[in-house]
Amino acid sequence: MSLKESELDLNAKFKIFLNSRTKAELKDIIRDYNDYCVKNDKKEYKIRGYSKYKKYELADFIIDSLPAEEKERIFKNIQQETLDKLFNDGLNLYLGKDKRENFENKEEIDGLEVGYKYKFKGFSWDGEIDILITDDNKIDDFRCTCRTGQAGGFCMHFFAGIIDLIKSDVLDPESLGVFFDLSDSQIEKLQEKKTKEIAKETIPKINTAPVIQEVSLQNEDGKVYIYDAKITEITETVSKYREHVSKVYILTVNGGKCAPGEGESIEKRSFDKINARASKNTMDKYNLKVGDIIKFKGKFKNHPKYGLVIQNIRKFTKV
C-alpha cells in the first residue's frame with residue numbers, strides 16, 4: 001500500500017482513515033452524517049442499512065454511499081482527530097505505558113526490502129509490524145499483523161514504530177514521505193529532552209526578525225521563502241531519550257532575502273539574520289556547511305528553545 005500523496009486519491013486516503021477506526025466509531029460517523037442531513041434538509045441522502053455490515057465492509061459502504069463533497073468534508077473532520085489518537089496511543093506503546101501490549105524487540109530488515117521489524121506482545125497474543133524505508137530515509141510502506149493493519153488502516157503499532165525511528169534518527173519527523181504530517185506540537189514532543197542533556201550547547205537565539213515576520217504573515221501557515229542567505233554558524237543540539245540520541249541542527253543564516261512566495265514578480269526583501277532548523281538526515285543529504293549560500297522555504301515560528309526560527313524545511317538548495 002503506497003502512502004505517497006501523489007499516488008492516492010481522496011477515496012484511497014479516506015478508506016485508510018476509516019479502516020483506522022473501530023466499528024463503533026464508524027457507526028458514529030454515519031449517525032453524525034445522518035444528523036447533518038436532517039439539519040440541512042438533505043434527508044434523502046441519509047445512509048441506511050449499515051447495521052448489517054461487518055467492520056471490514058463498512059469503510060467501502062460509507063465511501064460508496066457518500067456524495068463526493070461530503071467525503072471531503074468528513075475526511076477533513078476525522079483526519080486530525082484520528083492522527084492525534086494514533087500518535088498518543090503509539091507514544092504510550094513506545095514508552096511502555098500501554099496497558100495491553102508491549103514492544104518486545106526490533107530487527108533491521110536488509111534484503112530486497114529495507115526497513116525495520118517490530119515484534120509486540122499482548123496478554124495472550126503476539127504480533128509484528130514491518131516498516132519499510134526508502135533509500136532517502138522516508139516511509140515506503142508498512143505491514144502489520146493486527147486487525148486494523150490487516151484491514152488497511154493505520155494502527156498504534158505503526159505510529160509507535162514511526163516514533164522509535166524518529167527518536168533513532170532514522171526518519172526526519174518533518175519529512176516522513178507520506179500523505180500526512182505530524183503536527184508541530186507532536187514534533188516538539190518527540191524532540192523534547194526527557195532525560196539529562198548529554199552535551200551542553202549554546203544556541204544563538206534570535207529574538208527579533210521584523211522583516212521575516214511581516215513576510216510570514218502574508219501566508220496563513222506562516223510559510224516564508226529565503227533566498228541567497230549565507231550560513232555563518234551551525235549549532236548542533238544533542239539530547240538523550242531512553243537509549244536513543246537525537247540531534248537537531250540550528251543554521252544561522254545572514255544577508256539574504258525573503259518573500260512570501262516564488263517567482264520573479266514576487267517582491268523579495270532583505271533581512272539581517274535568522275535561524276533555520278534542520279535534522280541530521282537533512283544535513284547529511286545536502287552536505288550543508290558554514291559559508292554555503294542557500295535558499296529554502298519553511299514555516300516561521302517562535303520556538304521556546306530555539307527562539308525565532310524557520311522550520312519544517314524539506315529541501316535546501318545551494319546557490
# chains A, B, ... in the order shown; residues from 1 in each chain; ligands from 1
>>> residues_around(residues="stretch 132-145 of chain A", least_positions_apart="2", cutoff="6 Å", atoms="only C-alpha atoms", output="PyMOL selection string")
chain A and resi 114-115+127-130+149-150+171+176-177
>>> write_last_selection(atoms="N, CA and C atoms", output="PDB file, in the first residue's frame")
ATOM      1  N   VAL A 114      14.058  -2.962   2.612  1.00  0.00           N
ATOM      2  CA  VAL A 114      14.872  -2.374   3.680  1.00  0.00           C
ATOM      3  C   VAL A 114      13.945  -1.689   4.672  1.00  0.00           C
ATOM      4  N   GLY A 115      14.185  -1.920   5.945  1.00  0.00           N
ATOM      5  CA  GLY A 115      13.353  -1.290   6.961  1.00  0.00           C
ATOM      6  C   GLY A 115      13.576  -1.916   8.319  1.00  0.00           C
ATOM      7  N   GLY A 127       2.353 -10.320  17.843  1.00  0.00           N
ATOM      8  CA  GLY A 127       2.207  -9.717  16.527  1.00  0.00           C
ATOM      9  C   GLY A 127       3.492  -9.062  16.091  1.00  0.00           C
ATOM     10  N   GLU A 128       3.503  -8.594  14.862  1.00  0.00           N
ATOM     11  CA  GLU A 128       4.686  -7.901  14.357  1.00  0.00           C
ATOM     12  C   GLU A 128       4.291  -6.923  13.264  1.00  0.00           C
ATOM     13  N   ILE A 129       5.123  -5.918  13.103  1.00  0.00           N
ATOM     14  CA  ILE A 129       4.914  -4.925  12.060  1.00  0.00           C
ATOM     15  C   ILE A 129       6.233  -4.666  11.353  1.00  0.00           C
ATOM     16  N   ASP A 130       6.186  -4.612  10.025  1.00  0.00           N
ATOM     17  CA  ASP A 130       7.334  -4.226   9.210  1.00  0.00           C
ATOM     18  C   ASP A 130       7.103  -2.802   8.720  1.00  0.00           C
ATOM     19  N   GLY A 149      -4.318  -3.130  10.995  1.00  0.00           N
ATOM     20  CA  GLY A 149      -3.331  -3.118   9.922  1.00  0.00           C
ATOM     21  C   GLY A 149      -3.716  -4.026   8.771  1.00  0.00           C
ATOM     22  N   GLN A 150      -4.236  -5.204   9.084  1.00  0.00           N
ATOM     23  CA  GLN A 150      -4.649  -6.132   8.031  1.00  0.00           C
ATOM     24  C   GLN A 150      -5.833  -5.598   7.237  1.00  0.00           C
ATOM     25  N   LEU A 171      14.312   8.513  10.708  1.00  0.00           N
ATOM     26  CA  LEU A 171      13.334   9.312   9.975  1.00  0.00           C
ATOM     27  C   LEU A 171      13.398  10.769  10.401  1.00  0.00           C
ATOM     28  N   LEU A 176       8.290  12.822   6.379  1.00  0.00           N
ATOM     29  CA  LEU A 176       8.090  11.384   6.516  1.00  0.00           C
ATOM     30  C   LEU A 176       7.955  10.679   5.168  1.00  0.00           C
ATOM     31  N   GLY A 177       7.536  11.409   4.138  1.00  0.00           N
ATOM     32  CA  GLY A 177       7.335  10.789   2.836  1.00  0.00           C
ATOM     33  C   GLY A 177       5.947  10.219   2.651  1.00  0.00           C
TER      34      GLY A 177
END
>>> residues_around(residues="A:Gly261", least_positions_apart="6", cutoff="10 Å", atoms="only C-alpha atoms", output="list in words")
Val215, Ser216, Gln218, Asn219, Lys223, Val224, Tyr225, Ile226, Glu267, Lys268 and Lys297 of chain A
>>> select_by_dssp(residues="stretch 53-250 of chain A", states="strand (DSSP E)", output="short mmCIF file (atom, residue, chain, number, x, y, z; two decimals) with all heavy atoms, in the first residue's frame")
data_model
loop_
_atom_site.label_atom_id
_atom_site.label_comp_id
_atom_site.auth_asym_id
_atom_site.auth_seq_id
_atom_site.Cartn_x
_atom_site.Cartn_y
_atom_site.Cartn_z
N ASN A 102 3.11 -4.60 24.69
CA ASN A 102 4.47 -4.08 24.80
C ASN A 102 5.26 -4.45 23.56
O ASN A 102 5.05 -5.53 22.98
CB ASN A 102 5.19 -4.66 26.03
CG ASN A 102 4.68 -4.09 27.33
OD1 ASN A 102 4.84 -2.91 27.61
ND2 ASN A 102 4.04 -4.94 28.11
N PHE A 103 6.17 -3.58 23.15
CA PHE A 103 7.12 -3.95 22.11
C PHE A 103 8.16 -4.89 22.71
O PHE A 103 8.72 -4.61 23.77
CB PHE A 103 7.82 -2.71 21.55
CG PHE A 103 7.14 -2.14 20.33
CD1 PHE A 103 7.38 -0.83 19.95
CD2 PHE A 103 6.28 -2.90 19.56
CE1 PHE A 103 6.77 -0.29 18.83
CE2 PHE A 103 5.66 -2.37 18.44
CZ PHE A 103 5.91 -1.07 18.07
N GLU A 104 8.41 -6.00 22.03
CA GLU A 104 9.36 -6.98 22.53
C GLU A 104 10.76 -6.74 21.99
O GLU A 104 11.73 -6.74 22.73
CB GLU A 104 8.89 -8.40 22.14
CG GLU A 104 7.63 -8.85 22.87
CD GLU A 104 7.89 -9.15 24.33
OE1 GLU A 104 8.57 -10.15 24.62
OE2 GLU A 104 7.42 -8.38 25.18
N ASN A 105 10.88 -6.57 20.68
CA ASN A 105 12.21 -6.32 20.11
C ASN A 105 12.09 -5.70 18.72
O ASN A 105 11.00 -5.62 18.14
CB ASN A 105 13.05 -7.60 20.05
CG ASN A 105 12.51 -8.58 19.04
OD1 ASN A 105 11.33 -8.86 19.00
ND2 ASN A 105 13.39 -9.11 18.19
N LYS A 106 13.22 -5.26 18.22
CA LYS A 106 13.30 -4.56 16.93
C LYS A 106 14.43 -5.18 16.13
O LYS A 106 15.53 -5.40 16.65
CB LYS A 106 13.56 -3.08 17.19
CG LYS A 106 13.97 -2.24 15.99
CD LYS A 106 14.31 -0.83 16.49
CE LYS A 106 14.87 0.06 15.41
NZ LYS A 106 15.26 1.39 15.94
N GLU A 107 14.15 -5.50 14.86
CA GLU A 107 15.16 -6.08 13.99
C GLU A 107 15.25 -5.27 12.70
O GLU A 107 14.24 -4.77 12.20
CB GLU A 107 14.80 -7.53 13.64
CG GLU A 107 14.63 -8.45 14.83
CD GLU A 107 14.06 -9.80 14.43
OE1 GLU A 107 13.83 -10.01 13.22
OE2 GLU A 107 13.83 -10.63 15.33
N GLU A 108 16.44 -5.18 12.16
CA GLU A 108 16.62 -4.49 10.89
C GLU A 108 16.33 -5.44 9.73
O GLU A 108 16.73 -6.60 9.75
CB GLU A 108 18.04 -3.94 10.77
CG GLU A 108 18.24 -3.01 9.59
CD GLU A 108 19.55 -2.25 9.65
OE1 GLU A 108 20.26 -2.37 10.68
OE2 GLU A 108 19.86 -1.54 8.68
N ILE A 109 15.58 -4.96 8.74
CA ILE A 109 15.30 -5.72 7.52
C ILE A 109 16.28 -5.26 6.45
O ILE A 109 16.33 -4.07 6.12
CB ILE A 109 13.86 -5.50 7.03
CG1 ILE A 109 12.85 -5.89 8.11
CG2 ILE A 109 13.59 -6.27 5.75
CD1 ILE A 109 11.42 -5.47 7.79
N ASP A 110 17.06 -6.16 5.92
CA ASP A 110 18.07 -5.77 4.93
C ASP A 110 18.15 -6.85 3.86
O ASP A 110 18.77 -7.88 4.03
CB ASP A 110 19.43 -5.60 5.61
CG ASP A 110 20.47 -5.00 4.67
OD1 ASP A 110 20.08 -4.55 3.58
OD2 ASP A 110 21.66 -4.98 5.03
N VAL A 114 14.06 -2.96 2.61
CA VAL A 114 14.87 -2.37 3.68
C VAL A 114 13.94 -1.69 4.67
O VAL A 114 13.01 -0.98 4.28
CB VAL A 114 15.88 -1.36 3.11
CG1 VAL A 114 16.66 -0.69 4.24
CG2 VAL A 114 16.83 -2.04 2.14
N GLY A 115 14.18 -1.92 5.94
CA GLY A 115 13.35 -1.29 6.96
C GLY A 115 13.58 -1.92 8.32
O GLY A 115 14.68 -2.40 8.62
N TYR A 116 12.52 -1.94 9.13
CA TYR A 116 12.62 -2.44 10.50
C TYR A 116 11.39 -3.26 10.85
O TYR A 116 10.27 -2.92 10.49
CB TYR A 116 12.79 -1.28 11.49
CG TYR A 116 14.08 -0.54 11.28
CD1 TYR A 116 14.17 0.50 10.35
CD2 TYR A 116 15.23 -0.88 11.99
CE1 TYR A 116 15.36 1.17 10.14
CE2 TYR A 116 16.43 -0.22 11.78
CZ TYR A 116 16.49 0.81 10.85
OH TYR A 116 17.67 1.46 10.64
N LYS A 117 11.63 -4.36 11.57
CA LYS A 117 10.56 -5.22 12.05
C LYS A 117 10.45 -5.07 13.56
O LYS A 117 11.45 -5.18 14.28
CB LYS A 117 10.84 -6.69 11.70
CG LYS A 117 9.76 -7.66 12.18
CD LYS A 117 10.16 -9.11 11.96
CE LYS A 117 10.29 -9.44 10.49
NZ LYS A 117 8.98 -9.45 9.80
N TYR A 118 9.25 -4.79 14.03
CA TYR A 118 8.99 -4.70 15.46
C TYR A 118 8.05 -5.84 15.86
O TYR A 118 7.05 -6.09 15.19
CB TYR A 118 8.32 -3.37 15.81
CG TYR A 118 9.17 -2.15 15.56
CD1 TYR A 118 9.18 -1.55 14.30
CD2 TYR A 118 9.96 -1.60 16.56
CE1 TYR A 118 9.96 -0.43 14.06
CE2 TYR A 118 10.74 -0.48 16.34
CZ TYR A 118 10.73 0.10 15.08
OH TYR A 118 11.51 1.21 14.84
N LYS A 119 8.38 -6.50 16.96
CA LYS A 119 7.51 -7.54 17.48
C LYS A 119 6.87 -7.04 18.77
O LYS A 119 7.54 -6.44 19.61
CB LYS A 119 8.30 -8.82 17.73
CG LYS A 119 8.84 -9.44 16.45
CD LYS A 119 9.52 -10.78 16.69
CE LYS A 119 10.01 -11.38 15.37
NZ LYS A 119 10.67 -12.69 15.57
N PHE A 120 5.56 -7.26 18.89
CA PHE A 120 4.85 -6.82 20.09
C PHE A 120 4.09 -7.99 20.69
O PHE A 120 3.79 -8.98 20.02
CB PHE A 120 3.91 -5.66 19.77
CG PHE A 120 2.95 -5.90 18.63
CD1 PHE A 120 1.69 -6.44 18.85
CD2 PHE A 120 3.30 -5.56 17.32
CE1 PHE A 120 0.81 -6.65 17.80
CE2 PHE A 120 2.42 -5.76 16.27
CZ PHE A 120 1.18 -6.31 16.50
N LYS A 121 3.79 -7.86 21.97
CA LYS A 121 3.15 -8.96 22.70
C LYS A 121 2.04 -8.40 23.57
O LYS A 121 2.22 -7.40 24.27
CB LYS A 121 4.18 -9.69 23.57
CG LYS A 121 3.66 -10.94 24.26
CD LYS A 121 4.78 -11.65 24.99
CE LYS A 121 4.28 -12.93 25.66
NZ LYS A 121 3.77 -13.91 24.68
N ASP A 126 0.61 -12.49 20.08
CA ASP A 126 1.85 -11.90 19.58
C ASP A 126 1.57 -11.30 18.21
O ASP A 126 0.67 -11.74 17.49
CB ASP A 126 2.95 -12.96 19.44
CG ASP A 126 3.29 -13.60 20.77
OD1 ASP A 126 3.74 -12.87 21.66
OD2 ASP A 126 3.09 -14.83 20.91
N GLY A 127 2.35 -10.32 17.84
CA GLY A 127 2.21 -9.72 16.53
C GLY A 127 3.49 -9.06 16.09
O GLY A 127 4.47 -8.99 16.85
N GLU A 128 3.50 -8.59 14.86
CA GLU A 128 4.69 -7.90 14.36
C GLU A 128 4.29 -6.92 13.26
O GLU A 128 3.25 -7.07 12.61
CB GLU A 128 5.72 -8.89 13.83
CG GLU A 128 5.25 -9.77 12.69
CD GLU A 128 6.30 -10.80 12.29
OE1 GLU A 128 6.96 -11.36 13.20
OE2 GLU A 128 6.46 -11.03 11.08
N ILE A 129 5.12 -5.92 13.10
CA ILE A 129 4.91 -4.93 12.06
C ILE A 129 6.23 -4.67 11.35
O ILE A 129 7.28 -4.56 12.00
CB ILE A 129 4.33 -3.61 12.63
CG1 ILE A 129 4.11 -2.59 11.49
CG2 ILE A 129 5.20 -3.02 13.72
CD1 ILE A 129 3.32 -1.37 11.91
N ASP A 130 6.19 -4.61 10.03
CA ASP A 130 7.33 -4.23 9.21
C ASP A 130 7.10 -2.80 8.72
O ASP A 130 6.05 -2.50 8.14
CB ASP A 130 7.49 -5.14 7.99
CG ASP A 130 7.82 -6.57 8.37
OD1 ASP A 130 8.30 -6.79 9.51
OD2 ASP A 130 7.59 -7.47 7.54
N ILE A 131 8.06 -1.92 8.95
CA ILE A 131 8.02 -0.57 8.40
C ILE A 131 9.16 -0.47 7.40
O ILE A 131 10.33 -0.58 7.77
CB ILE A 131 8.15 0.50 9.50
CG1 ILE A 131 6.99 0.36 10.49
CG2 ILE A 131 8.17 1.90 8.88
CD1 ILE A 131 7.02 1.37 11.63
N LEU A 132 8.82 -0.29 6.14
CA LEU A 132 9.80 -0.28 5.06
C LEU A 132 10.23 1.15 4.75
O LEU A 132 9.41 2.07 4.73
CB LEU A 132 9.22 -0.96 3.82
CG LEU A 132 8.68 -2.38 4.05
CD1 LEU A 132 8.13 -2.96 2.76
CD2 LEU A 132 9.75 -3.29 4.65
N ILE A 133 11.52 1.32 4.50
CA ILE A 133 12.13 2.64 4.34
C ILE A 133 12.76 2.76 2.96
O ILE A 133 13.38 1.82 2.45
CB ILE A 133 13.22 2.86 5.42
CG1 ILE A 133 12.66 2.59 6.83
CG2 ILE A 133 13.78 4.28 5.34
CD1 ILE A 133 11.55 3.51 7.25
N ILE A 139 9.31 6.84 4.66
CA ILE A 139 8.47 5.65 4.78
C ILE A 139 7.99 5.22 3.40
O ILE A 139 7.44 6.02 2.64
CB ILE A 139 7.28 5.92 5.70
CG1 ILE A 139 7.76 6.22 7.12
CG2 ILE A 139 6.33 4.73 5.72
CD1 ILE A 139 6.66 6.65 8.06
N ASP A 140 8.19 3.96 3.09
CA ASP A 140 7.74 3.41 1.81
C ASP A 140 6.42 2.66 1.97
O ASP A 140 5.51 2.81 1.17
CB ASP A 140 8.82 2.48 1.25
CG ASP A 140 8.50 1.99 -0.15
OD1 ASP A 140 7.83 2.73 -0.89
OD2 ASP A 140 8.92 0.87 -0.51
N ASP A 141 6.32 1.86 3.03
CA ASP A 141 5.13 1.03 3.22
C ASP A 141 5.20 0.44 4.63
O ASP A 141 6.21 0.57 5.32
CB ASP A 141 5.11 -0.09 2.18
CG ASP A 141 3.74 -0.74 2.03
OD1 ASP A 141 2.82 -0.35 2.76
OD2 ASP A 141 3.61 -1.65 1.18
N PHE A 142 4.13 -0.20 5.04
CA PHE A 142 4.16 -0.93 6.30
C PHE A 142 3.20 -2.11 6.22
O PHE A 142 2.23 -2.10 5.46
CB PHE A 142 3.81 -0.02 7.49
CG PHE A 142 2.34 0.23 7.67
CD1 PHE A 142 1.60 -0.48 8.60
CD2 PHE A 142 1.69 1.18 6.90
CE1 PHE A 142 0.24 -0.25 8.76
CE2 PHE A 142 0.34 1.43 7.06
CZ PHE A 142 -0.39 0.70 8.00
N ARG A 143 3.47 -3.13 7.02
CA ARG A 143 2.61 -4.30 7.12
C ARG A 143 2.51 -4.68 8.59
O ARG A 143 3.53 -4.89 9.24
CB ARG A 143 3.19 -5.49 6.33
CG ARG A 143 3.32 -5.28 4.84
CD ARG A 143 3.82 -6.56 4.17
NE ARG A 143 5.16 -6.90 4.61
CZ ARG A 143 6.26 -6.60 3.92
NH1 ARG A 143 6.18 -5.92 2.78
NH2 ARG A 143 7.45 -6.96 4.38
N CYS A 144 1.28 -4.75 9.10
CA CYS A 144 1.09 -5.13 10.49
C CYS A 144 0.12 -6.30 10.57
O CYS A 144 -0.84 -6.39 9.80
CB CYS A 144 0.55 -3.95 11.30
SG CYS A 144 0.54 -4.27 13.09
N LYS A 223 4.38 30.43 6.16
CA LYS A 223 5.47 29.99 5.27
C LYS A 223 6.23 31.20 4.73
O LYS A 223 5.64 32.23 4.40
CB LYS A 223 4.92 29.16 4.12
CG LYS A 223 6.00 28.56 3.21
CD LYS A 223 5.41 27.62 2.18
CE LYS A 223 4.90 26.36 2.83
NZ LYS A 223 4.39 25.38 1.84
N VAL A 224 7.54 31.04 4.64
CA VAL A 224 8.40 32.10 4.11
C VAL A 224 9.48 31.46 3.24
O VAL A 224 9.93 30.35 3.50
CB VAL A 224 9.02 32.93 5.26
CG1 VAL A 224 9.89 32.07 6.14
CG2 VAL A 224 9.80 34.11 4.74
N TYR A 225 9.86 32.17 2.18
CA TYR A 225 10.88 31.70 1.24
C TYR A 225 12.15 32.52 1.46
O TYR A 225 12.10 33.76 1.48
CB TYR A 225 10.40 31.85 -0.20
CG TYR A 225 9.25 30.95 -0.56
CD1 TYR A 225 7.97 31.17 -0.05
CD2 TYR A 225 9.43 29.87 -1.42
CE1 TYR A 225 6.91 30.34 -0.38
CE2 TYR A 225 8.37 29.03 -1.77
CZ TYR A 225 7.12 29.28 -1.24
OH TYR A 225 6.07 28.46 -1.58
N ILE A 226 13.28 31.84 1.62
CA ILE A 226 14.56 32.50 1.86
C ILE A 226 15.46 32.31 0.65
O ILE A 226 15.61 31.19 0.15
CB ILE A 226 15.25 31.93 3.12
CG1 ILE A 226 14.35 32.12 4.35
CG2 ILE A 226 16.62 32.58 3.33
CD1 ILE A 226 14.07 33.56 4.72
N TYR A 227 16.08 33.41 0.20
CA TYR A 227 16.93 33.37 -0.98
C TYR A 227 18.33 33.91 -0.65
O TYR A 227 18.47 34.88 0.10
CB TYR A 227 16.34 34.23 -2.10
CG TYR A 227 14.98 33.77 -2.58
CD1 TYR A 227 13.81 34.26 -1.98
CD2 TYR A 227 14.86 32.86 -3.62
CE1 TYR A 227 12.56 33.84 -2.41
CE2 TYR A 227 13.61 32.44 -4.06
CZ TYR A 227 12.46 32.93 -3.46
OH TYR A 227 11.23 32.51 -3.89
N ASP A 228 19.35 33.26 -1.21
CA ASP A 228 20.73 33.77 -1.21
C ASP A 228 21.23 34.13 0.18
O ASP A 228 21.85 35.18 0.39
CB ASP A 228 20.84 34.99 -2.14
CG ASP A 228 20.41 34.67 -3.56
OD1 ASP A 228 20.60 33.52 -3.98
OD2 ASP A 228 19.87 35.57 -4.23
N ALA A 229 20.95 33.28 1.15
CA ALA A 229 21.41 33.51 2.52
C ALA A 229 22.68 32.71 2.78
O ALA A 229 22.82 31.57 2.32
CB ALA A 229 20.32 33.13 3.51
N LYS A 230 23.58 33.27 3.55
CA LYS A 230 24.86 32.63 3.83
C LYS A 230 24.83 31.99 5.22
O LYS A 230 24.45 32.63 6.21
CB LYS A 230 25.99 33.65 3.75
CG LYS A 230 27.38 33.05 3.98
CD LYS A 230 28.46 34.12 3.83
CE LYS A 230 29.85 33.52 4.02
NZ LYS A 230 30.91 34.55 3.84
N ILE A 231 25.24 30.72 5.29
CA ILE A 231 25.34 30.05 6.59
C ILE A 231 26.59 30.58 7.30
O ILE A 231 27.71 30.42 6.82
CB ILE A 231 25.45 28.53 6.43
CG1 ILE A 231 24.22 27.96 5.70
CG2 ILE A 231 25.59 27.86 7.81
CD1 ILE A 231 24.31 26.46 5.43
N THR A 232 26.38 31.23 8.44
CA THR A 232 27.51 31.78 9.19
C THR A 232 27.83 30.97 10.45
O THR A 232 28.90 31.12 11.03
CB THR A 232 27.23 33.23 9.60
OG1 THR A 232 26.03 33.28 10.37
CG2 THR A 232 27.07 34.11 8.36
N GLU A 233 26.88 30.13 10.86
CA GLU A 233 27.11 29.34 12.08
C GLU A 233 26.19 28.12 12.05
O GLU A 233 25.05 28.20 11.59
CB GLU A 233 26.82 30.19 13.32
CG GLU A 233 27.20 29.54 14.63
CD GLU A 233 27.03 30.48 15.81
OE1 GLU A 233 26.75 31.68 15.57
OE2 GLU A 233 27.17 30.02 16.96
N ILE A 234 26.70 26.99 12.52
CA ILE A 234 25.91 25.77 12.65
C ILE A 234 26.05 25.27 14.08
O ILE A 234 27.17 25.02 14.55
CB ILE A 234 26.36 24.67 11.66
CG1 ILE A 234 26.17 25.15 10.21
CG2 ILE A 234 25.56 23.39 11.91
CD1 ILE A 234 26.67 24.15 9.18
N THR A 235 24.93 25.15 14.78
CA THR A 235 24.94 24.68 16.16
C THR A 235 24.25 23.33 16.24
O THR A 235 23.12 23.17 15.80
CB THR A 235 24.21 25.67 17.09
OG1 THR A 235 24.81 26.96 16.95
CG2 THR A 235 24.30 25.22 18.53
N GLU A 236 24.96 22.35 16.78
CA GLU A 236 24.39 21.01 16.95
C GLU A 236 23.83 20.88 18.35
O GLU A 236 24.52 21.14 19.34
CB GLU A 236 25.47 19.96 16.72
CG GLU A 236 25.00 18.52 16.92
CD GLU A 236 26.13 17.52 16.82
OE1 GLU A 236 26.57 17.23 15.69
OE2 GLU A 236 26.59 17.05 17.88
N THR A 237 22.56 20.52 18.46
CA THR A 237 21.96 20.27 19.77
C THR A 237 21.78 18.77 19.93
O THR A 237 21.30 18.09 19.01
CB THR A 237 20.60 20.98 19.92
OG1 THR A 237 19.65 20.37 19.06
CG2 THR A 237 20.73 22.45 19.57
N VAL A 238 22.18 18.25 21.06
CA VAL A 238 22.18 16.80 21.29
C VAL A 238 21.48 16.51 22.61
O VAL A 238 21.71 17.18 23.61
CB VAL A 238 23.62 16.25 21.35
CG1 VAL A 238 23.60 14.73 21.47
CG2 VAL A 238 24.41 16.67 20.12
N SER A 239 20.60 15.53 22.59
CA SER A 239 19.94 15.11 23.83
C SER A 239 19.75 13.61 23.81
O SER A 239 19.79 12.97 22.75
CB SER A 239 18.60 15.83 24.00
OG SER A 239 17.73 15.49 22.94
N LYS A 240 19.55 13.04 24.98
CA LYS A 240 19.36 11.59 25.10
C LYS A 240 17.97 11.30 25.61
O LYS A 240 17.50 11.90 26.57
CB LYS A 240 20.40 10.99 26.05
CG LYS A 240 20.36 9.46 26.09
CD LYS A 240 21.48 8.90 26.95
CE LYS A 240 21.45 7.38 26.93
NZ LYS A 240 22.52 6.80 27.76
N TYR A 241 17.31 10.39 24.93
CA TYR A 241 15.97 9.96 25.34
C TYR A 241 15.97 8.44 25.39
O TYR A 241 16.20 7.79 24.38
CB TYR A 241 14.93 10.46 24.33
CG TYR A 241 13.51 10.10 24.69
CD1 TYR A 241 12.81 10.88 25.58
CD2 TYR A 241 12.90 8.99 24.14
CE1 TYR A 241 11.51 10.57 25.92
CE2 TYR A 241 11.60 8.67 24.46
CZ TYR A 241 10.92 9.46 25.35
OH TYR A 241 9.63 9.13 25.68
N HIS A 244 18.17 6.36 23.05
CA HIS A 244 18.33 7.00 21.75
C HIS A 244 18.96 8.38 21.89
O HIS A 244 18.62 9.15 22.77
CB HIS A 244 16.98 7.14 21.05
CG HIS A 244 16.26 5.84 20.89
ND1 HIS A 244 16.83 4.75 20.29
CD2 HIS A 244 15.01 5.46 21.26
CE1 HIS A 244 15.98 3.74 20.30
NE2 HIS A 244 14.87 4.15 20.89
N VAL A 245 19.87 8.68 20.99
CA VAL A 245 20.45 10.01 20.89
C VAL A 245 19.86 10.70 19.67
O VAL A 245 19.83 10.14 18.58
CB VAL A 245 21.99 9.94 20.76
CG1 VAL A 245 22.57 11.33 20.53
CG2 VAL A 245 22.60 9.31 22.00
N SER A 246 19.34 11.90 19.85
CA SER A 246 18.77 12.64 18.73
C SER A 246 19.51 13.95 18.56
O SER A 246 19.98 14.55 19.52
CB SER A 246 17.27 12.90 18.94
OG SER A 246 17.05 13.62 20.13
N LYS A 247 19.62 14.39 17.31
CA LYS A 247 20.34 15.62 17.00
C LYS A 247 19.47 16.54 16.15
O LYS A 247 18.75 16.09 15.27
CB LYS A 247 21.63 15.31 16.24
CG LYS A 247 22.65 14.51 17.03
CD LYS A 247 23.91 14.27 16.20
CE LYS A 247 24.92 13.44 16.99
NZ LYS A 247 26.15 13.19 16.20
N VAL A 248 19.55 17.82 16.46
CA VAL A 248 18.91 18.86 15.65
C VAL A 248 19.97 19.93 15.41
O VAL A 248 20.76 20.24 16.31
CB VAL A 248 17.69 19.47 16.37
CG1 VAL A 248 17.14 20.65 15.57
CG2 VAL A 248 16.60 18.42 16.55
N TYR A 249 20.00 20.46 14.21
CA TYR A 249 20.99 21.47 13.85
C TYR A 249 20.30 22.81 13.63
O TYR A 249 19.26 22.89 12.98
CB TYR A 249 21.75 21.06 12.59
CG TYR A 249 22.63 19.84 12.80
CD1 TYR A 249 22.09 18.56 12.71
CD2 TYR A 249 23.97 19.97 13.11
CE1 TYR A 249 22.87 17.44 12.91
CE2 TYR A 249 24.77 18.86 13.32
CZ TYR A 249 24.21 17.59 13.22
OH TYR A 249 25.00 16.50 13.43
N ILE A 250 20.88 23.86 14.20
CA ILE A 250 20.40 25.22 14.01
C ILE A 250 21.39 25.95 13.11
O ILE A 250 22.56 26.12 13.47
CB ILE A 250 20.24 25.96 15.35
CG1 ILE A 250 19.26 25.21 16.25
CG2 ILE A 250 19.77 27.39 15.11
CD1 ILE A 250 17.86 25.07 15.67
#
>>> closest_residue(among="A:Ala160, A:Val253, A:Cys146, A:Cys155", to="A:Gly96", atoms="only C-alpha atoms")
A:Ala160
>>> closest_residue(among="A:Phe14, A:Phe271, A:Phe123, A:Phe296", to="A:Leu251", atoms="only C-alpha atoms")
A:Phe296
>>> atom_distance(atom1="atom CA of A:Gln191", atom2="atom CA of A:Asp221")
21.3 Å
>>> residues_around(residues="A:Arg314", least_positions_apart="2", cutoff="10 Å", atoms="only C-alpha atoms", output="list in words")
Asp172, Glu174, Ser175, Leu176, Ala278, Ser279, Thr282, Phe296, Lys297, Gly298, Gln311, Asn312 and Phe316 of chain A
>>> select_by_dssp(residues="stretch 12-79 of chain A", states="alpha helix (DSSP H)", output="number ranges by chain")
A: 12-18, 23-39, 55-65, 68-79
>>> residues_around(residues="A:Asp272", least_positions_apart="2", cutoff="10 Å", atoms="only C-alpha atoms", output="PyMOL selection string")
chain A and resi 208-212+229+253-257+270+274
>>> atom_distance(atom1="atom CA of A:Met283", atom2="atom CA of A:Gly161")
23.0 Å
>>> atom_distance(atom1="atom CA of A:Asn302", atom2="atom CA of A:Leu190")
17.6 Å
>>> closest_residue(among="A:Phe75, A:Lys39, A:Lys23, A:His303", to="A:Ser51", atoms="only C-alpha atoms")
A:Lys23
>>> closest_residue(among="A:Phe17, A:Tyr45, A:Tyr56, A:Tyr306", to="A:Lys85", atoms="only C-alpha atoms")
A:Phe17
>>> closest_residue(among="A:Gly291, A:Gly153, A:Gly49, A:Gly122", to="A:Ile16", atoms="only C-alpha atoms")
A:Gly153
>>> closest_residue(among="A:Leu182, A:Val319, A:Ile166, A:Ile187", to="A:Gln79", atoms="only C-alpha atoms")
A:Leu182
